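Notes follow the structure.
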Amino acid sequence: MRDVRAARREFGLGALGVLLAFGVCEAVSRAGIVRRSYLPPASEVLARAAELAGDAAFLDGIGATLRAWALGLGLACVIAVPLGLLLGSVPLVDSAVRAIVEFLRPLPSVALIPLVSLLLGSGSGTEVALIAYACVWPILFNTVYGLGETDPLAKETLRAFGFGRLAVLLRVELPGTAPFIAAGIRISAAVALILAVATELLAGFGEGLGIFIAQAGLATDGTRDVLAGVVWAGALGLVVNGVLVWGERRLFPWTPEHRGADGGGARR
Amino acid sequence: MLDLSAVGQYYGDHQVLHDITLTVPDGQLLCVVGPSGCGKSTLLRTIAGLLPAREGTVTIDDTPVTGVPDRLAVVFQDYGRSLLPWLTVRDNVALPLRRRGLGRAERRTEADRILDRVGLSGTARRHPWQLSGGMQQRVAIARALVCRPTLLLMDEPFGSLDAQTREDLEDLLLEVHRTDGTTIVFVTHDIDESVYVGDRVVVLTPGPASKIALDLPVRLPGERDQIATRGLPEFVALRAQVGRAVRGQFR
Ligand SMILES: Nc1ncnc2c1ncn2[C@@H]1O[C@H](COP(=O)(O)OP(=O)(O)OP(=O)(O)O)[C@@H](O)[C@H]1O
Ligand SMILES: [Mg+2]
C-alpha cells in the first residue's frame with residue numbers, strides 16, 4: 001500500500017519535472033534568448049522525434065544499436081555470472097584474480113574506444129566488445145557481493161539435510177544471488193546503451209542511433225535532429241529500465257524491498 | 001546409538017563446551033537445558049557434523065561423525081532464516097525428500113500430509129515470509145519430520161508458539177517419537193517442557209566451557225497427558241530438581 005502511494009507520488013513528481021524542463025526549453029527558444037538553430041523549441045524536437053518513428057532508415061539504425069546493445073549485454077552476462085560465482089565461492093581464485101580486476105575496473109570504457117577500434121576495426125565488433133567490457137563489472141561485482149550475502153544458516157540447513165556442495169550452490173546460493181545479478185544487469189543495461197551510442201558517435205560511420213546523431217550534427221541546422229535522436233536514446237533507456245524493474249518485481253517477490261502488503265511474517 | 005566422549009568445542013580461542021560425555025541410546029528423547037549462551041546450539045551443531053568436534057569424539061553406531069550423518073534432520077533455532085524464501089511452504093517441506101529419490105507427486109503427498117499434522121494444511125502454496133513467526137516455526141518442524149529421520153535435533157523448536165499450539169506440538173512430537181522410534185535431542189529453555197517431553201534431561205552449566213551439571217532420567221508413570229502428567233507428584237519433584245540445577249548456576 002505504502003509502496004503504491006510512494007510510487008504514484010514519485011511518478012507525479014517526475015512528470016512535473018519533465019513538464020517544467022519542457023516548458024523552460026520551449027520558452028527559452030521561443031523568446032529568442034538563444035538562436036533557434038542552436039536550441040529549437042522542445043515541441044519541434046518532440047514532433048521530429050515522433051516523425052522519426054515512421055522513418056524506415058532511422059528505425060533500421062535503432063535496430064542496429066539495440067542489436068549491439070543486446071549482444072554486448074548478453075556476452076557480459078555469460079562472462080560475468082559464472083566468473084562471479086567462481087570468484088565468490090573459491091577464495092583462492094578470488095585472491096589470484098583480484099589484482100587484475102582492480103587494475104582493469106577503473107579504466108573508463110570510453111577511453112578504450114580508439115584502442116579497440118584499432119584492433120577490431122570500427123564495425124559492430126568493436127561496439128559489442130566495448131559494451132561487453134563495460135557491462136561485465138556491475139554484473140561481476142553484484143554476483144560476488146550477492147554470494148557473500150547468502151545466509152549461512154540457509155546453507156547449513158541444506159548441508160544438515162545431506163545436500164552436497166553443488167546442491168547448496170544451485171539450491172541456495174544461486175537463487176539467493178539472482179536478485180543481485182538482476183540488479184547488476186539492470187545497471188549494465190543503462191551502461192550498455194551509453195556505450196553503444198558513444199561508440200557509434202566516435203566511429204562515425206556504419207548504422208545506428210549514434211551514427212544518426214553524428215551525421216545530424218554535421219548537417220547545417222541539424223540541431224533539431226540531434227536533439228530528436230537524444231530524445232530517442234533517453235526513451236529507450238527509460239523503457240529498458242522499466243521493463244527490467246518490472247521483471248525483477250515479478251521474478252523475485254521475496255526480497256525485502258519487493259515484499260508487499262501480504263508479507264506479514266517475522267523474518268529475522 | 002549416539003555417543004559423545006569428552007567433547008570440547010571452541011570458536012577460535014573461545015571455549016564453549018568442555019568434557020561433554022553422553023550416551024544416547026536409540027529411541028531416547030534427550031532434553032538439553034541450560035542458560036542462554038551456554039552452548040546448547042553449539043552442541044547440536046557438533047552432533048550434526050556441521051562443526052567438527054575440536055576435542056573428543058562423536059560417534060553414531062560406533063562410526064565417528066566426520067560429516068553430516070545419514071538420515072539426520074535439524075530444526076534450527078533461527079527457523080525464519082533457515083526456510084528458503086523463494087520456495088513455497090510445500091516445496092520447503094518437501095526439500096529433504098529430494099535426497100530420498102521420491103517422485104514429484106510422492107513428495108507433494110508427503111509434504112501435504114505432514115503440513116496437515118502441524119496444522120498448516122491451508123498454507124501449502126504460500127511463501128514462508130507471508131506467514132507469522134509461529135507458522136514459520138511449524139513449517140521448519142514439518143520439514144524436519146517429513147523424511148522420517150532416525151536422528152532428530154531440535155533447537156528450541158516451540159519457542160515462539162502460543163501455549164495451545166505448543167502443547168499440541170509437544171504431543172505430536174511424543175507421538176512421532178513413540179511410533180517411529182526416532183532418537184531426539186531436544187534443546188529448550190523451558191524446564192517444564194523438558195520434563196514433560198524428555199526421557200532424560202541434561203542441564204549444562206553457564207559458559208564459557210560449559211559442562212554437564214545434571215544428568216537426570218525422567219521416569220513418569222503412564223502415558224503423558226498435558227493436564228494429568230503435569231500434576232503428578234513425580235513430575236513436580238523432577239521439575240524442582242531441574243529447576244534447582246539451572247538456578248544454582250545463576251548465583
Ligand atoms: N559463530 C560463532 N562465532 C563465535 N562465537 C560464537 C558463535 N556462535 C556462538 N558463539 C558463542 O558461543 C557461545 C555459545 O553459543 P550457543 O549459540 O551455542 O548458545 P546457546 O546455549 O544456544 O544460547 P541460546 O539459549 O541463547 O540459544 C556463546 O557465548 C556465543 O557467543
Ligand atoms: Mg541456541
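Letters A, B, ... go to the chains of the C-alpha cells in the order shown; residues in each chain start at 1; ligands are counted from 1 in the same order.
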Please give me, as a VMD selection string, the residues lying within 8 Å of ligand 1 when counting only C-alpha atoms and all ligand atoms. chain B and resid 10 to 12 14 to 16 34 to 43 77 155 to 156 188 to 189 207 to 208
For the selection just defined, write its residues with C-alpha atoms to a file, as a compact mmCIF listing (two decimals), in the first residue's frame.
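Below is the file out-v8.txt, written as the result:
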```txt
# COMPACT_ATOMS: atom_id res chain seq x y z
CA TYR B 10 35.60 -23.80 20.57
CA TYR B 11 35.01 -20.74 18.43
CA GLY B 12 38.58 -19.62 17.77
CA HIS B 14 36.87 -19.16 22.97
CA GLN B 15 35.93 -22.45 24.61
CA VAL B 16 32.22 -23.17 24.61
CA GLY B 34 20.88 -24.51 30.21
CA PRO B 35 21.21 -20.74 30.47
CA SER B 36 21.34 -18.61 27.33
CA GLY B 37 24.74 -18.64 25.65
CA CYS B 38 25.97 -21.78 27.41
CA GLY B 39 26.44 -23.70 24.16
CA LYS B 40 23.26 -25.69 23.53
CA SER B 41 23.11 -24.75 19.85
CA THR B 42 26.83 -25.41 19.55
CA LEU B 43 26.29 -28.88 20.99
CA GLN B 77 16.68 -22.09 16.40
CA ASP B 155 16.82 -26.25 18.85
CA GLU B 156 14.07 -24.57 20.88
CA THR B 188 14.73 -25.95 25.35
CA HIS B 189 14.71 -23.05 27.77
CA GLY B 207 29.58 -20.76 29.74
CA PRO B 208 32.33 -20.39 28.94
```
Could you tell me which residues of chain B sit within 10 Å of chain A when counting only C-alpha atoms, and give me the result as a PyMOL selection string? chain B and resi 45+48-50+67-76+78-87+95-99+127-136+143-144+147+149
Quick one: residues within 12 Å of A:Leu59, only C-alpha atoms, excluding same-chain residues fewer than 2 positions away - as number ranges by chain? A: 49-57, 61-66, 207-209, 212, 229, 232
Skipping near chain neighbours, those fewer than 4 positions away, what residues fall within 7 Å of A:Ala192 using only C-alpha atoms, listed as a list in words? Trp69, Leu73, Ile131, Cys135, Ser188 and Ala196 of chain A
If you run DSSP on the backbone here, which positions in stretch 113-231 of chain B get strand (DSSP E)? Please write them as a short mmCIF file (atom, residue, chain, number, x, y, z; two decimals) with C-alpha atoms, in the first residue's frame.
```cif
data_model
loop_
_atom_site.label_atom_id
_atom_site.label_comp_id
_atom_site.auth_asym_id
_atom_site.auth_seq_id
_atom_site.Cartn_x
_atom_site.Cartn_y
_atom_site.Cartn_z
CA LEU B 151 18.19 -38.78 14.48
CA LEU B 152 16.30 -35.54 15.05
CA LEU B 153 17.94 -32.44 16.51
CA MET B 154 15.64 -29.64 17.62
CA ASP B 155 16.82 -26.25 18.85
CA THR B 183 16.29 -40.62 18.62
CA ILE B 184 15.73 -36.97 19.52
CA VAL B 185 17.95 -34.32 21.08
CA PHE B 186 15.67 -31.50 22.13
CA VAL B 187 17.03 -28.16 23.32
CA THR B 188 14.73 -25.95 25.35
CA ARG B 200 16.05 -37.75 30.21
CA VAL B 201 17.13 -34.18 30.97
CA VAL B 202 20.70 -32.90 30.79
CA VAL B 203 21.45 -29.49 32.33
CA LEU B 204 24.53 -27.55 31.20
CA ILE B 212 27.16 -31.21 32.30
CA ALA B 213 25.70 -30.05 35.62
CA LEU B 214 22.94 -32.65 35.91
CA ASP B 215 22.02 -35.80 34.01
CA LEU B 216 18.58 -36.90 35.12
CA PRO B 217 16.43 -39.80 33.89
#
```
Please indicate the distance in Å from atom CA of B:Arg125 to atom CA of B:Asp162, rounded to one decimal place.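 Going from atom CA of B:Arg125 over to atom CA of B:Asp162 covers 23.6 Å.
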One-decimal distance in Å that lies between atom CA of A:Val231 and atom CA of A:Ala189: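 A separation of 17.5 Å between them.
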If we count only C-alpha atoms, what is near B:Thr21 at a cut-off of 10 Å, once residues fewer than 6 positions away on the same chain are taken out, given as a list in words?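 Contacts, in chain order: Asp3, Leu4, Ser5, Ala6, Val7, Gly8, Gly56, Thr57, Val58, Lys211 and Ile212 of chain B.
Neighbours of B:Asp171 closer than or equal to 10 Å, with only C-alpha atoms counted and sequence neighbours fewer than 6 positions away skipped, come out as Thr165, His177, Tyr196, Val197, Arg224, Asp225 and Gln226 of chain B.
Here atom CA of A:Leu92 and atom CA of A:Ala183 stand 26.3 Å from one another.
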So that I can check the surroundings of A:Ile113, please list as a ChimeraX atom specification every protein, DNA and RNA residue that reaches within 9 Å of it, counting only C-alpha atoms and ignoring chain neighbours fewer than 6 positions away. /A:126-127,130,198-199,202-203
File dump, residues just selected, N, CA and C atoms, as a tab-separated table (two decimals), in the first residue's frame:
```
chain	number	residue	atom	x	y	z
A	126	THR	N	33.70	-3.95	-32.59
A	126	THR	CA	34.23	-3.02	-31.60
A	126	THR	C	33.14	-2.61	-30.62
A	127	GLU	N	31.99	-2.28	-31.20
A	127	GLU	CA	30.88	-1.81	-30.38
A	127	GLU	C	30.49	-2.88	-29.35
A	130	LEU	N	33.19	-3.43	-26.63
A	130	LEU	CA	33.25	-2.36	-25.63
A	130	LEU	C	32.06	-2.42	-24.68
A	198	ALA	N	27.78	6.01	-27.75
A	198	ALA	CA	29.08	6.70	-27.74
A	198	ALA	C	30.04	6.10	-28.77
A	199	THR	N	30.09	4.78	-28.86
A	199	THR	CA	31.00	4.16	-29.83
A	199	THR	C	30.61	4.55	-31.24
A	202	LEU	N	31.64	8.14	-32.02
A	202	LEU	CA	33.08	8.32	-32.28
A	202	LEU	C	33.52	7.62	-33.55
A	203	ALA	N	32.92	6.46	-33.86
A	203	ALA	CA	33.31	5.73	-35.06
A	203	ALA	C	32.85	6.52	-36.29
```
Can you tell me, as a PyMOL selection string, which residues in stretch 73-200 of chain B count as helix (DSSP H, G or I) by DSSP? chain B and resi 79-82+89-100+104-117+121-123+128-130+133-145+163-180+191-197
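Of the listed residues (B:Leu51, B:Pro157, B:Arg113, B:Arg230), B:Pro157 comes nearest to ligand 2; the distances count only C-alpha atoms and all ligand atoms.
Take the candidates B:Leu30, B:Leu17, B:Val65, B:Leu44 and check each one against ligand 2 using only C-alpha atoms and all ligand atoms; the shortest distance goes to B:Leu44.
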